[in-house]
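J.: See upload.pdb below, with PDB, C-alpha atoms.
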```pdb
MODEL        1
ATOM      1  CA  MET A  24      77.128 -60.191-147.862
ATOM      2  CA  ARG A  25      79.039 -57.095-146.736
ATOM      3  CA  ILE A  26      77.919 -55.034-143.726
ATOM      4  CA  GLN A  27      79.488 -51.955-142.177
ATOM      5  CA  ILE A  28      79.110 -51.167-138.471
ATOM      6  CA  ILE A  29      79.472 -47.572-137.278
ATOM      7  CA  GLY A  30      80.714 -47.540-133.688
ATOM      8  CA  PHE A  31      82.593 -50.251-131.897
ATOM      9  CA  GLY A  32      81.588 -50.348-128.277
ATOM     10  CA  LEU A  33      79.820 -53.307-126.704
ATOM     11  CA  ALA A  34      76.846 -53.060-129.079
ATOM     12  CA  GLY A  35      79.043 -52.847-132.176
ATOM     13  CA  SER A  36      81.281 -55.675-130.969
ATOM     14  CA  TRP A  37      78.408 -58.080-130.377
ATOM     15  CA  MET A  38      76.790 -57.079-133.674
ATOM     16  CA  ALA A  39      80.033 -57.813-135.492
ATOM     17  CA  TRP A  40      80.451 -61.130-133.678
ATOM     18  CA  GLU A  41      76.960 -62.321-134.623
ATOM     19  CA  LEU A  42      77.488 -61.404-138.272
ATOM     20  CA  ILE A  43      80.955 -62.952-138.489
ATOM     21  CA  LYS A  44      79.594 -66.237-137.130
ATOM     22  CA  ARG A  45      77.122 -66.226-140.044
ATOM     23  CA  GLY A  46      79.752 -65.671-142.713
ATOM     24  CA  VAL A  47      79.200 -61.944-143.285
ATOM     25  CA  ASP A  48      82.128 -59.689-144.261
ATOM     26  CA  VAL A  49      82.167 -57.034-141.530
ATOM     27  CA  PHE A  50      83.734 -53.578-141.773
ATOM     28  CA  ILE A  51      84.074 -51.295-138.761
ATOM     29  CA  THR A  52      84.246 -47.517-138.635
ATOM     30  CA  ASP A  53      84.931 -46.203-135.143
ATOM     31  CA  ARG A  54      86.163 -43.017-133.556
ATOM     32  CA  TYR A  55      88.187 -44.469-130.697
ATOM     33  CA  ASN A  56      87.313 -42.986-127.321
ATOM     34  CA  PRO A  57      89.021 -44.420-124.209
ATOM     35  CA  ASN A  58      86.216 -42.901-122.123
ATOM     36  CA  SER A  59      83.322 -44.482-123.998
ATOM     37  CA  SER A  60      80.629 -45.972-121.792
ATOM     38  CA  SER A  61      81.508 -49.503-122.960
ATOM     39  CA  ARG A  62      85.191 -49.147-122.110
ATOM     40  CA  ILE A  63      84.757 -47.787-118.591
ATOM     41  CA  ALA A  64      81.678 -49.851-117.701
ATOM     42  CA  ALA A  65      81.827 -52.198-114.743
ATOM     43  CA  GLY A  66      79.983 -54.777-116.864
ATOM     44  CA  LEU A  67      77.404 -55.681-114.231
ATOM     45  CA  ILE A  68      74.681 -58.210-114.905
ATOM     46  CA  ASN A  69      72.061 -57.755-112.186
ATOM     47  CA  PRO A  70      68.590 -59.263-112.663
ATOM     48  CA  ILE A  71      66.930 -56.998-110.063
ATOM     49  CA  ASN A  72      66.421 -53.259-110.531
ATOM     50  CA  GLY A  73      65.680 -50.332-108.296
ATOM     51  CA  THR A  74      64.989 -49.388-104.705
ATOM     52  CA  ARG A  75      61.515 -50.774-105.295
ATOM     53  CA  PRO A  76      62.848 -54.071-106.605
ATOM     54  CA  ARG A  77      61.588 -55.602-109.813
ATOM     55  CA  PRO A  78      63.148 -57.913-112.389
ATOM     56  CA  THR A  79      64.903 -56.354-115.327
ATOM     57  CA  TRP A  80      62.998 -56.611-118.595
ATOM     58  CA  LEU A  81      62.910 -60.178-120.033
ATOM     59  CA  ALA A  82      65.293 -61.361-117.334
ATOM     60  CA  ASP A  83      64.167 -64.978-117.704
ATOM     61  CA  VAL A  84      65.294 -64.921-121.345
ATOM     62  CA  LEU A  85      68.223 -62.520-121.243
ATOM     63  CA  MET A  86      70.135 -63.939-118.274
ATOM     64  CA  PRO A  87      70.664 -67.481-119.637
ATOM     65  CA  PHE A  88      71.194 -66.123-123.151
ATOM     66  CA  ALA A  89      73.933 -63.759-121.964
ATOM     67  CA  TYR A  90      75.713 -66.446-119.934
ATOM     68  CA  CYS A  91      75.769 -68.832-122.902
ATOM     69  CA  ALA A  92      76.869 -66.129-125.352
ATOM     70  CA  TYR A  93      79.764 -64.846-123.230
ATOM     71  CA  ASN A  94      80.937 -68.359-122.417
ATOM     72  CA  GLU A  95      80.837 -69.294-126.099
ATOM     73  CA  MET A  96      82.898 -66.230-127.018
ATOM     74  CA  SER A  97      85.298 -66.920-124.121
ATOM     75  CA  ASN A  98      85.914 -70.450-125.363
ATOM     76  CA  HIS A  99      86.505 -69.216-128.891
ATOM     77  CA  VAL A 100      89.027 -66.513-127.970
ATOM     78  CA  ASN A 101      90.515 -68.456-125.023
ATOM     79  CA  GLN A 102      89.922 -65.606-122.580
ATOM     80  CA  ARG A 103      87.568 -65.402-119.624
ATOM     81  CA  LEU A 104      85.074 -62.636-120.345
ATOM     82  CA  LEU A 105      82.322 -63.315-117.792
ATOM     83  CA  SER A 106      82.609 -64.104-114.090
ATOM     84  CA  GLN A 107      79.477 -65.298-112.322
ATOM     85  CA  CYS A 108      79.135 -64.114-108.742
ATOM     86  CA  LYS A 109      76.543 -63.278-106.132
ATOM     87  CA  VAL A 110      74.874 -59.898-105.788
ATOM     88  CA  ARG A 111      74.217 -58.846-102.196
ATOM     89  CA  ARG A 112      71.550 -56.231-101.585
ATOM     90  CA  VAL A 113      72.120 -54.483 -98.255
ATOM     91  CA  PHE A 114      69.040 -53.560 -96.203
ATOM     92  CA  ILE A 115      69.881 -50.452 -94.202
ATOM     93  CA  THR A 116      66.357 -49.546 -93.028
ATOM     94  CA  GLU A 117      63.143 -51.406 -92.255
ATOM     95  CA  GLU A 118      61.672 -49.780 -95.372
ATOM     96  CA  ASP A 119      64.226 -51.659 -97.493
ATOM     97  CA  VAL A 120      62.982 -54.911 -95.943
ATOM     98  CA  ARG A 121      59.348 -53.994 -96.538
ATOM     99  CA  LEU A 122      59.904 -53.120-100.186
ATOM    100  CA  TRP A 123      61.720 -56.384-100.878
ATOM    101  CA  GLU A 124      59.117 -58.494 -99.109
ATOM    102  CA  HIS A 125      56.305 -56.659-100.901
ATOM    103  CA  ALA A 126      57.855 -57.418-104.304
ATOM    104  CA  SER A 127      58.828 -61.020-103.607
ATOM    105  CA  THR A 128      55.580 -62.087-101.939
ATOM    106  CA  ARG A 129      53.655 -60.720-104.926
ATOM    107  CA  GLN A 130      55.935 -62.824-107.151
ATOM    108  CA  TRP A 131      57.614 -59.750-108.657
ATOM    109  CA  TYR A 132      54.274 -58.390-109.762
ATOM    110  CA  GLY A 133      54.280 -56.444-113.034
ATOM    111  CA  ASN A 134      54.433 -56.933-116.776
ATOM    112  CA  ASP A 135      58.210 -57.274-116.776
ATOM    113  CA  SER A 136      58.183 -60.225-114.411
ATOM    114  CA  ALA A 137      56.327 -62.816-116.474
ATOM    115  CA  GLY A 138      58.068 -66.147-116.167
ATOM    116  CA  PHE A 139      60.811 -64.769-113.927
ATOM    117  CA  ASN A 140      61.749 -66.792-110.879
ATOM    118  CA  VAL A 141      64.791 -65.341-109.126
ATOM    119  CA  LYS A 142      66.385 -67.621-106.561
ATOM    120  CA  TRP A 143      67.462 -65.582-103.577
ATOM    121  CA  GLU A 144      68.765 -66.218-100.090
ATOM    122  CA  SER A 145      67.972 -64.131 -97.032
ATOM    123  CA  LEU A 146      70.855 -62.702 -95.008
ATOM    124  CA  GLU A 147      70.225 -62.270 -91.312
ATOM    125  CA  SER A 148      71.274 -59.145 -89.426
ATOM    126  CA  GLY A 149      74.976 -59.220 -88.693
ATOM    127  CA  ILE A 150      78.412 -58.590 -90.189
ATOM    128  CA  TRP A 151      79.243 -60.068 -93.579
ATOM    129  CA  GLU A 152      82.736 -59.525 -95.024
ATOM    130  CA  GLY A 153      83.152 -56.539 -92.741
ATOM    131  CA  ILE A 154      79.848 -54.943 -93.794
ATOM    132  CA  SER A 155      77.152 -54.363 -91.183
ATOM    133  CA  TYR A 156      73.757 -55.599 -92.329
ATOM    134  CA  ASP A 157      71.678 -53.854 -89.667
ATOM    135  CA  CYS A 158      68.404 -55.045 -91.172
ATOM    136  CA  GLY A 159      69.731 -58.067 -93.015
ATOM    137  CA  GLY A 160      69.751 -58.387 -96.782
ATOM    138  CA  VAL A 161      69.444 -60.829 -99.662
ATOM    139  CA  GLN A 162      71.757 -62.353-102.223
ATOM    140  CA  TYR A 163      71.121 -63.796-105.677
ATOM    141  CA  ASP A 164      72.998 -64.706-108.856
ATOM    142  CA  GLY A 165      74.655 -62.055-111.025
ATOM    143  CA  ALA A 166      77.814 -61.610-113.072
ATOM    144  CA  VAL A 167      80.561 -59.215-114.144
ATOM    145  CA  VAL A 168      81.615 -58.886-117.786
ATOM    146  CA  ASN A 169      85.001 -57.701-119.023
ATOM    147  CA  THR A 170      83.485 -55.275-121.535
ATOM    148  CA  ALA A 171      86.804 -53.859-122.735
ATOM    149  CA  GLY A 172      88.025 -57.435-123.216
ATOM    150  CA  VAL A 173      85.029 -58.247-125.421
ATOM    151  CA  ILE A 174      85.726 -55.239-127.632
ATOM    152  CA  GLU A 175      89.410 -56.068-128.078
ATOM    153  CA  CYS A 176      88.747 -59.761-128.753
ATOM    154  CA  VAL A 177      86.224 -59.020-131.506
ATOM    155  CA  ARG A 178      88.379 -56.252-132.992
ATOM    156  CA  LYS A 179      90.877 -58.909-134.099
ATOM    157  CA  HIS A 180      88.233 -60.439-136.399
ATOM    158  CA  VAL A 181      87.020 -57.362-138.292
ATOM    159  CA  VAL A 182      88.308 -54.988-140.977
ATOM    160  CA  GLU A 183      88.572 -51.380-139.814
ATOM    161  CA  VAL A 184      87.970 -48.599-142.337
ATOM    162  CA  ASP A 185      88.220 -44.835-141.954
ATOM    163  CA  VAL A 186      85.708 -43.781-144.610
ATOM    164  CA  PRO A 187      82.152 -43.067-143.429
ATOM    165  CA  GLU A 188      80.607 -45.451-145.955
ATOM    166  CA  VAL A 189      82.081 -48.281-148.004
ATOM    167  CA  ASN A 190      80.522 -50.450-150.698
ATOM    168  CA  VAL A 191      78.317 -52.620-148.497
ATOM    169  CA  ASP A 192      74.823 -54.072-148.479
ATOM    170  CA  PHE A 193      73.813 -52.600-145.136
ATOM    171  CA  ILE A 194      75.076 -50.147-142.520
ATOM    172  CA  ILE A 195      74.332 -50.744-138.838
ATOM    173  CA  TRP A 196      74.655 -47.781-136.505
ATOM    174  CA  CYS A 197      76.003 -48.607-133.026
ATOM    175  CA  GLU A 198      77.426 -45.199-132.177
ATOM    176  CA  GLY A 199      76.131 -44.867-128.627
ATOM    177  CA  TRP A 200      74.528 -41.679-127.384
ATOM    178  CA  GLU A 201      75.758 -39.695-130.396
ATOM    179  CA  ALA A 202      72.924 -41.316-132.364
ATOM    180  CA  SER A 203      70.657 -38.794-130.645
ATOM    181  CA  ARG A 204      72.426 -36.122-132.739
ATOM    182  CA  ASN A 205      72.426 -38.141-135.975
ATOM    183  CA  GLU A 206      69.752 -36.977-138.450
ATOM    184  CA  LEU A 207      69.001 -40.578-139.334
ATOM    185  CA  TRP A 208      68.067 -41.509-135.776
ATOM    186  CA  SER A 209      67.421 -38.290-133.824
ATOM    187  CA  TRP A 210      63.678 -38.986-133.963
ATOM    188  CA  LEU A 211      64.166 -41.861-131.516
ATOM    189  CA  PRO A 212      63.470 -40.888-127.872
ATOM    190  CA  PHE A 213      66.992 -41.136-126.508
ATOM    191  CA  GLN A 214      67.724 -40.119-122.932
ATOM    192  CA  PRO A 215      71.540 -39.873-122.679
ATOM    193  CA  VAL A 216      72.824 -39.894-119.124
ATOM    194  CA  LYS A 217      76.295 -39.312-117.739
ATOM    195  CA  GLY A 218      77.683 -41.788-115.260
ATOM    196  CA  GLU A 219      80.833 -41.594-113.141
ATOM    197  CA  ILE A 220      82.681 -44.499-111.518
ATOM    198  CA  LEU A 221      85.650 -44.809-109.198
ATOM    199  CA  ASP A 222      88.526 -47.257-108.964
ATOM    200  CA  ALA A 223      89.554 -47.618-105.340
ATOM    201  CA  ILE A 224      91.348 -49.687-102.707
ATOM    202  CA  ILE A 225      90.042 -50.893 -99.356
ATOM    203  CA  ASP A 226      91.623 -52.674 -96.397
ATOM    204  CA  GLY A 227      90.125 -55.361 -94.206
ATOM    205  CA  PRO A 228      87.936 -58.345 -95.008
ATOM    206  CA  PRO A 229      87.871 -58.865 -98.791
ATOM    207  CA  LEU A 230      84.648 -58.626-100.759
ATOM    208  CA  THR A 231      83.647 -61.710-102.745
ATOM    209  CA  THR A 232      80.276 -60.452-104.014
ATOM    210  CA  ILE A 233      78.810 -57.436-105.759
ATOM    211  CA  ILE A 234      77.349 -55.088-103.145
ATOM    212  CA  THR A 235      74.337 -52.947-104.032
ATOM    213  CA  LYS A 236      72.456 -50.293-102.093
ATOM    214  CA  SER A 237      71.768 -47.082-104.047
ATOM    215  CA  ILE A 238      75.243 -47.588-105.539
ATOM    216  CA  TRP A 239      77.144 -50.740-106.520
ATOM    217  CA  ILE A 240      80.549 -51.885-105.312
ATOM    218  CA  VAL A 241      82.348 -54.516-107.388
ATOM    219  CA  PRO A 242      85.411 -56.429-106.135
ATOM    220  CA  VAL A 243      88.287 -56.689-108.578
ATOM    221  CA  ASN A 244      89.537 -60.197-107.939
ATOM    222  CA  ASP A 245      93.227 -59.780-108.693
ATOM    223  CA  GLY A 246      94.373 -62.222-106.041
ATOM    224  CA  GLU A 247      93.249 -64.566-103.316
ATOM    225  CA  HIS A 248      90.646 -63.412-100.826
ATOM    226  CA  THR A 249      92.805 -62.582 -97.824
ATOM    227  CA  PHE A 250      92.993 -59.724 -95.370
ATOM    228  CA  GLY A 251      94.777 -56.738 -96.857
ATOM    229  CA  LYS A 252      94.367 -54.288 -99.708
ATOM    230  CA  GLN A 253      91.734 -55.054-102.352
ATOM    231  CA  SER A 254      90.836 -53.225-105.543
ATOM    232  CA  ILE A 255      87.188 -52.335-106.043
ATOM    233  CA  ARG A 256      85.046 -50.299-108.438
ATOM    234  CA  ILE A 257      82.282 -47.988-107.230
ATOM    235  CA  GLY A 258      79.409 -46.518-109.202
ATOM    236  CA  SER A 259      77.430 -45.020-110.525
ATOM    237  CA  THR A 260      75.969 -41.542-110.805
ATOM    238  CA  TYR A 261      73.228 -40.273-113.111
ATOM    239  CA  ASP A 262      73.377 -36.809-114.683
ATOM    240  CA  TRP A 263      71.051 -35.913-117.572
ATOM    241  CA  ASP A 264      72.331 -32.332-117.952
ATOM    242  CA  ASP A 265      76.126 -32.521-118.116
ATOM    243  CA  LEU A 266      76.740 -34.753-121.147
ATOM    244  CA  THR A 267      80.533 -34.676-121.037
ATOM    245  CA  ASP A 268      83.106 -37.282-120.103
ATOM    246  CA  VAL A 269      84.729 -34.974-117.548
ATOM    247  CA  PRO A 270      84.777 -36.388-113.970
ATOM    248  CA  THR A 271      83.389 -34.101-111.273
ATOM    249  CA  GLU A 272      84.399 -33.595-107.652
ATOM    250  CA  GLN A 273      80.742 -33.689-106.617
ATOM    251  CA  ALA A 274      80.298 -37.229-107.965
ATOM    252  CA  ARG A 275      83.576 -38.377-106.425
ATOM    253  CA  THR A 276      82.627 -37.052-103.003
ATOM    254  CA  SER A 277      79.150 -38.566-103.174
ATOM    255  CA  LEU A 278      80.327 -42.024-104.265
ATOM    256  CA  VAL A 279      83.090 -42.152-101.640
ATOM    257  CA  SER A 280      80.686 -41.084 -98.885
ATOM    258  CA  MET A 281      78.072 -43.704 -99.812
ATOM    259  CA  ALA A 282      80.675 -46.455-100.239
ATOM    260  CA  GLU A 283      82.281 -45.729 -96.861
ATOM    261  CA  THR A 284      78.850 -45.749 -95.196
ATOM    262  CA  ILE A 285      78.075 -49.180 -96.662
ATOM    263  CA  LEU A 286      81.520 -50.706 -96.173
ATOM    264  CA  GLY A 287      82.199 -49.184 -92.758
ATOM    265  CA  ARG A 288      85.827 -48.445 -93.643
ATOM    266  CA  PRO A 289      87.913 -45.879 -95.567
ATOM    267  CA  VAL A 290      88.026 -45.889 -99.361
ATOM    268  CA  VAL A 291      91.187 -44.728-101.165
ATOM    269  CA  VAL A 292      90.401 -43.542-104.704
ATOM    270  CA  THR A 293      92.926 -44.536-107.395
ATOM    271  CA  GLY A 294      90.968 -43.602-110.501
ATOM    272  CA  HIS A 295      87.910 -41.614-111.562
ATOM    273  CA  ARG A 296      86.227 -41.741-114.986
ATOM    274  CA  ALA A 297      83.034 -40.562-116.616
ATOM    275  CA  ALA A 298      81.092 -41.443-119.764
ATOM    276  CA  VAL A 299      77.684 -40.878-121.320
ATOM    277  CA  ARG A 300      75.375 -43.879-121.565
ATOM    278  CA  PRO A 301      73.094 -44.267-124.621
ATOM    279  CA  ALA A 302      69.912 -44.722-122.606
ATOM    280  CA  ALA A 303      66.431 -44.903-124.114
ATOM    281  CA  ARG A 304      63.306 -43.305-122.683
ATOM    282  CA  SER A 305      61.477 -46.555-123.419
ATOM    283  CA  LYS A 306      63.949 -48.495-121.211
ATOM    284  CA  ARG A 307      64.296 -50.921-124.135
ATOM    285  CA  PRO A 308      67.038 -51.327-126.760
ATOM    286  CA  TYR A 309      66.462 -49.808-130.201
ATOM    287  CA  LEU A 310      66.653 -52.327-133.052
ATOM    288  CA  GLY A 311      65.663 -52.424-136.705
ATOM    289  CA  PHE A 312      65.804 -50.781-140.104
ATOM    290  CA  HIS A 313      65.199 -47.117-140.696
ATOM    291  CA  PRO A 314      61.593 -46.826-141.949
ATOM    292  CA  THR A 315      62.571 -44.979-145.155
ATOM    293  CA  HIS A 316      66.345 -45.474-145.542
ATOM    294  CA  ARG A 317      66.287 -49.253-145.791
ATOM    295  CA  LYS A 318      70.040 -49.658-146.169
ATOM    296  CA  HIS A 319      70.458 -48.388-142.620
ATOM    297  CA  ALA A 320      69.734 -50.239-139.368
ATOM    298  CA  ILE A 321      70.437 -49.527-135.714
ATOM    299  CA  LEU A 322      71.403 -51.285-132.488
ATOM    300  CA  ASN A 323      71.421 -48.770-129.652
ATOM    301  CA  GLY A 324      69.760 -47.612-126.451
ATOM    302  CA  LEU A 325      71.384 -50.207-124.183
ATOM    303  CA  GLY A 326      71.980 -47.732-121.362
ATOM    304  CA  ALA A 327      73.214 -49.260-118.108
ATOM    305  CA  LYS A 328      72.088 -52.754-119.195
ATOM    306  CA  GLY A 329      74.552 -53.118-122.062
ATOM    307  CA  ALA A 330      76.396 -56.128-120.647
ATOM    308  CA  LEU A 331      73.112 -58.022-120.317
ATOM    309  CA  TRP A 332      71.249 -56.816-123.400
ATOM    310  CA  ALA A 333      73.974 -56.611-126.068
ATOM    311  CA  PRO A 334      74.372 -60.346-126.930
ATOM    312  CA  TRP A 335      70.615 -60.925-127.251
ATOM    313  CA  ALA A 336      69.972 -57.665-129.117
ATOM    314  CA  ALA A 337      72.720 -58.385-131.648
ATOM    315  CA  HIS A 338      71.383 -61.908-132.198
ATOM    316  CA  GLN A 339      67.861 -60.532-132.731
ATOM    317  CA  LEU A 340      68.999 -57.925-135.250
ATOM    318  CA  ALA A 341      71.187 -60.409-137.142
ATOM    319  CA  ASP A 342      68.202 -62.756-137.487
ATOM    320  CA  HIS A 343      66.082 -59.830-138.671
ATOM    321  CA  ILE A 344      68.554 -58.585-141.290
ATOM    322  CA  LEU A 345      69.711 -61.938-142.653
ATOM    323  CA  ASP A 346      66.617 -64.119-142.233
ATOM    324  CA  GLY A 347      63.726 -61.681-142.020
ATOM    325  CA  ALA A 348      62.831 -62.791-138.486
ATOM    326  CA  ALA A 349      60.460 -60.533-136.584
ATOM    327  CA  LEU A 350      61.837 -58.232-133.897
ATOM    328  CA  ASN A 351      60.418 -57.981-130.425
ATOM    329  CA  SER A 352      57.684 -55.342-130.727
ATOM    330  CA  GLU A 353      59.054 -53.386-127.759
ATOM    331  CA  THR A 354      62.460 -52.956-129.435
ATOM    332  CA  ASN A 355      61.478 -52.346-133.070
ATOM    333  CA  VAL A 356      62.241 -48.724-133.927
ATOM    334  CA  VAL A 357      59.204 -48.419-136.224
ATOM    335  CA  ARG A 358      57.039 -48.015-133.122
ATOM    336  CA  TRP A 359      58.566 -44.549-132.694
ATOM    337  CA  TRP A 360      58.252 -43.387-136.307
ATOM    338  CA  ASN A 361      55.973 -40.351-136.742
ATOM    339  CA  GLN A 362      55.300 -40.107-133.016
TER     340      GLN A 362
ENDMDL
END
```
Could I get this file's structure written as structure tokens?
T.:
Amino acid sequence: MRIQIIGFGLAGSWMAWELIKRGVDVFITDRYNPNSSSRIAAGLINPINGTRPRPTWLADVLMPFAYCAYNEMSNHVNQRLLSQCKVRRVFITEEDVRLWEHASTRQWYGNDSAGFNVKWESLESGIWEGISYDCGGVQYDGAVVNTAGVIECVRKHVVEVDVPEVNVDFIIWCEGWEASRNELWSWLPFQPVKGEILDAIIDGPPLTTIITKSIWIVPVNDGEHTFGKQSIRIGSTYDWDDLTDVPTEQARTSLVSMAETILGRPVVVTGHRAAVRPAARSKRPYLGFHPTHRKHAILNGLGAKGALWAPWAAHQLADHILDGAALNSETNVVRWWNQ
């Protein structure tokens, strides 16, 4: 079988990888963009969402699936692509404490939480790695994915073509937020959103965990954890109006201010990038065949959860295309047809 993939970010890379493993001849057509959301992403895997905390959708399935998939790819390409680490949620006010306790004592109440059992540790009030936890906090398991590394590793195993359509059995569209402007898929309820992130340096006690409180701060572990300069990444913003990849001074100022408040020390910015995420109004990935153009399928709508969702979504769609397996009803694009 021959399949062409349009777009080669994280979604396209994982789609290609799943098909290659099954013996499919894969052809890629991609308009390279160094500022695509996949290339600048921090690659966070965080099982808990929001100020009012709740598990991410299907976390009990997606977390172990993602860990196994990235580790399998890492072993195959002999490159570390996923680093497991703790996520520390900083409680700044008593309201933060109340919201966490309300969610956890109700066992993460809600439809998304079925079967999910996050293991978390309480952090008492005090100073942790130079950060003041005035009201304490919690920590739990998460991970960071080298998203650009995944793309480049898979690229070595595919054939790249410039023509929009070659002689193939199927075409899978993984073109990110631009699918919202594609006549084939514009009927899907996309909600593209611009995000900006900073590369920066801090002094003082090194961070060994992902820090989250309104924003996230990710340590770049390029050396041993000792006092001195450390590289970090800070993000992210959300802008549904300005759908460009142009960084803004407003976002830079806001991220620096919030990061310095959390860290309690100066932040020196070394880089600033922006990209548009292919988010879905349904907060679920879009998978499946076009209802009338049956040669065409889609994997899209990963939004800010791309690092977590992409391996599972690609596996689901590969099973659907090659074996006729049913898709999860919340991801199947036919639910949106004629709505």
J.: Select from region 37-129 of chain A every residue with an atom at most 7 Å from any atom of region 328-333 of chain A, then for each give the shortest pair of atoms and their distance in Å to one decimal, using all atoms listed in the file, rows by chain and rising number, as CSV.
T.:
```
residue,atom,partner,partner_atom,distance
A:Trp37,CA,A:Ala333,CA,6.4
A:Gly66,CA,A:Ala330,CA,5.4
A:Leu67,CA,A:Ala330,CA,6.5
A:Ile68,CA,A:Leu331,CA,5.6
A:Leu85,CA,A:Leu331,CA,6.7
A:Met86,CA,A:Leu331,CA,6.9
A:Ala89,CA,A:Leu331,CA,6.0
```
J.: Excluding same-chain residues fewer than 4 positions from Val100 (chain A), what lies within 12 Å of it counting all atoms listed in the file, as a list in words?
T.: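 Contacts, in chain order: Trp40, Tyr93, Asn94, Glu95, Met96, Leu104, Gly172, Val173, Ile174, Glu175, Cys176, Val177, Arg178, Lys179 and His180 of chain A.
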J.: Select, from A:Val113, A:Ala303, A:Val291, A:Val49, the residue with the minimum atom-to-atom distance to Trp210 (chain A), counting all atoms listed in the file.
T.: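 Smallest separation from Trp210 (chain A) among the options: A:Ala303.
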J.: Taking all atoms of region 226-230 of chain A that appear in the file, build a box with edges along x, y and z, extend it by 4 Å on every side, and state its centre and edge lengths in Å to one decimal, as AutoDock Vina command-line options.
T.:
```
--center_x 88.1 --center_y -55.8 --center_z -97.5 --size_x 15.0 --size_y 14.2 --size_z 14.6
```
J.: Just want the 9 Å neighbourhood of Leu322 (chain A), counted on only C-alpha atoms, with same-chain residues fewer than 5 positions away dropped. Output as a list in words.
T.: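 The neighbour list is Ala34, Gly35, Met38, Ile195, Trp196, Cys197, Glu198, Gly199, Pro308, Tyr309, Leu310, Gly311, Ala333, Ala336, Ala337 and Leu340 of chain A.
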J.: Pick out the closest residue to Ala320 (chain A) from this set: A:Asn355, A:Val216, A:Ser148, A:Ile194. Count all atoms listed in the file.
T.: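 Closest to Ala320 (chain A), using all atoms listed in the file: A:Ile194.
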J.: Using all atoms listed in the file, which of A:Leu33, A:Ile115, A:Ala65, A:Leu146 sits nearest Val167 (chain A)?
T.: A:Ala65
J.: Could you tell me which of A:His295, A:Arg77, A:Arg304, A:Lys236 comes closest to Pro270 (chain A) if we count only C-alpha atoms?
T.: A:His295
J.: Neighbours of Thr232 (chain A) within 7 Å (all atoms listed in the file; same-chain residues fewer than 2 positions away dropped), as a PyMOL selection string?
T.: chain A and resi 108-111+230+234+242
J.: Quick check, in Å to one decimal: how far apart do CA of Ile257 (chain A) and CA of Glu219 (chain A) lie?
T.: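 Going from CA of Ile257 (chain A) over to CA of Glu219 (chain A), I get 8.8 Å.
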J.: Residue by residue, what does the PyMOL selection byres ((chain A and resi 154-158) around 7) grab here? Present the result as a PyMOL selection string.
T.: chain A and resi 113-117+148-153+159-160+285-287
J.: From the list A:Val241, A:Ile28, A:Leu42, A:Leu211, which residue is nearest Ala282 (chain A) when using all atoms listed in the file?
T.: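 With all atoms listed in the file as the atom set, the closest residue is A:Val241.
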J.: May I have the protein, DNA and RNA residues with any atom at most 9 Å from the point (73.1, -34.6, -115.6), counting all atoms listed in the file, written as a PyMOL selection string?
T.: chain A and resi 215-218+260-266
J.: Output C-alpha atoms for every residue in that selection, as a CSV table (one decimal), keeping the file's coordinate frame.
T.:
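Once written, again_24.csv looks like this:
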```csv
chain,number,residue,atom,x,y,z
A,215,PRO,CA,71.5,-39.9,-122.7
A,216,VAL,CA,72.8,-39.9,-119.1
A,217,LYS,CA,76.3,-39.3,-117.7
A,218,GLY,CA,77.7,-41.8,-115.3
A,260,THR,CA,76.0,-41.5,-110.8
A,261,TYR,CA,73.2,-40.3,-113.1
A,262,ASP,CA,73.4,-36.8,-114.7
A,263,TRP,CA,71.1,-35.9,-117.6
A,264,ASP,CA,72.3,-32.3,-118.0
A,265,ASP,CA,76.1,-32.5,-118.1
A,266,LEU,CA,76.7,-34.8,-121.1
```
J.: Measuring atom to atom with only C-alpha atoms, identify which of A:Thr231, A:Asn361, A:Leu221, A:Ala349 is nearest to Thr293 (chain A).
T.: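 Using only C-alpha atoms, Thr293 (chain A) sits closest to A:Leu221.
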J.: Report the distance between CA of Thr79 (chain A) and CA of Ala341 (chain A) in Å, rounded to one decimal place.
T.: 23.1 Å
J.: Give me the residues near Thr74 (chain A) as a PyMOL selection string, where near means some atom within 12 Å (using only C-alpha atoms) and where sequence neighbours in that chain fewer than 2 positions away do not count.
T.: chain A and resi 71-72+76-78+112-116+118-123+125-126+235-238
J.: Starting from the PyMOL selection byres ((chain A and resi 182) around 7), expand the selection into actual residues of this file and give them as a list of chain:residue names.
T.: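 Given this file, the PyMOL selection byres ((chain A and resi 182) around 7) evaluates to A:Val49, A:Phe50, A:Ile51, A:Val181, A:Glu183, A:Val184.
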J.: Please produce a file of the residues just selected, as a compact mmCIF listing (two decimals), keeping the file's coordinate frame, where the atoms kept are C-alpha atoms.
T.:
```
# COMPACT_ATOMS: atom_id res chain seq x y z
CA VAL A 49 82.17 -57.03 -141.53
CA PHE A 50 83.73 -53.58 -141.77
CA ILE A 51 84.07 -51.30 -138.76
CA VAL A 181 87.02 -57.36 -138.29
CA GLU A 183 88.57 -51.38 -139.81
CA VAL A 184 87.97 -48.60 -142.34
```
J.: Which value, in Å to one decimal, gives the distance between CA of Tyr163 (chain A) and CA of Trp143 (chain A)?
T.: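 CA of Trp143 (chain A) lies at a distance of 4.6 Å from CA of Tyr163 (chain A).
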J.: Would you pick out the contacts of Gln339 (chain A) at 9 Å or less, using all atoms listed in the file, so that residues sharing its chain but fewer than 4 positions from it are not included, and give the list as a short mmCIF file (atom, residue, chain, number, x, y, z; two decimals) with C-alpha atoms, in the coordinates of the input?
T.:
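And here's selection_22.cif as it stands now:
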```
data_model
loop_
_atom_site.label_atom_id
_atom_site.label_comp_id
_atom_site.auth_asym_id
_atom_site.auth_seq_id
_atom_site.Cartn_x
_atom_site.Cartn_y
_atom_site.Cartn_z
CA LEU A 310 66.65 -52.33 -133.05
CA PRO A 334 74.37 -60.35 -126.93
CA TRP A 335 70.61 -60.92 -127.25
CA HIS A 343 66.08 -59.83 -138.67
CA ILE A 344 68.55 -58.58 -141.29
CA ALA A 348 62.83 -62.79 -138.49
CA ALA A 349 60.46 -60.53 -136.58
CA LEU A 350 61.84 -58.23 -133.90
CA ASN A 351 60.42 -57.98 -130.43
#
```
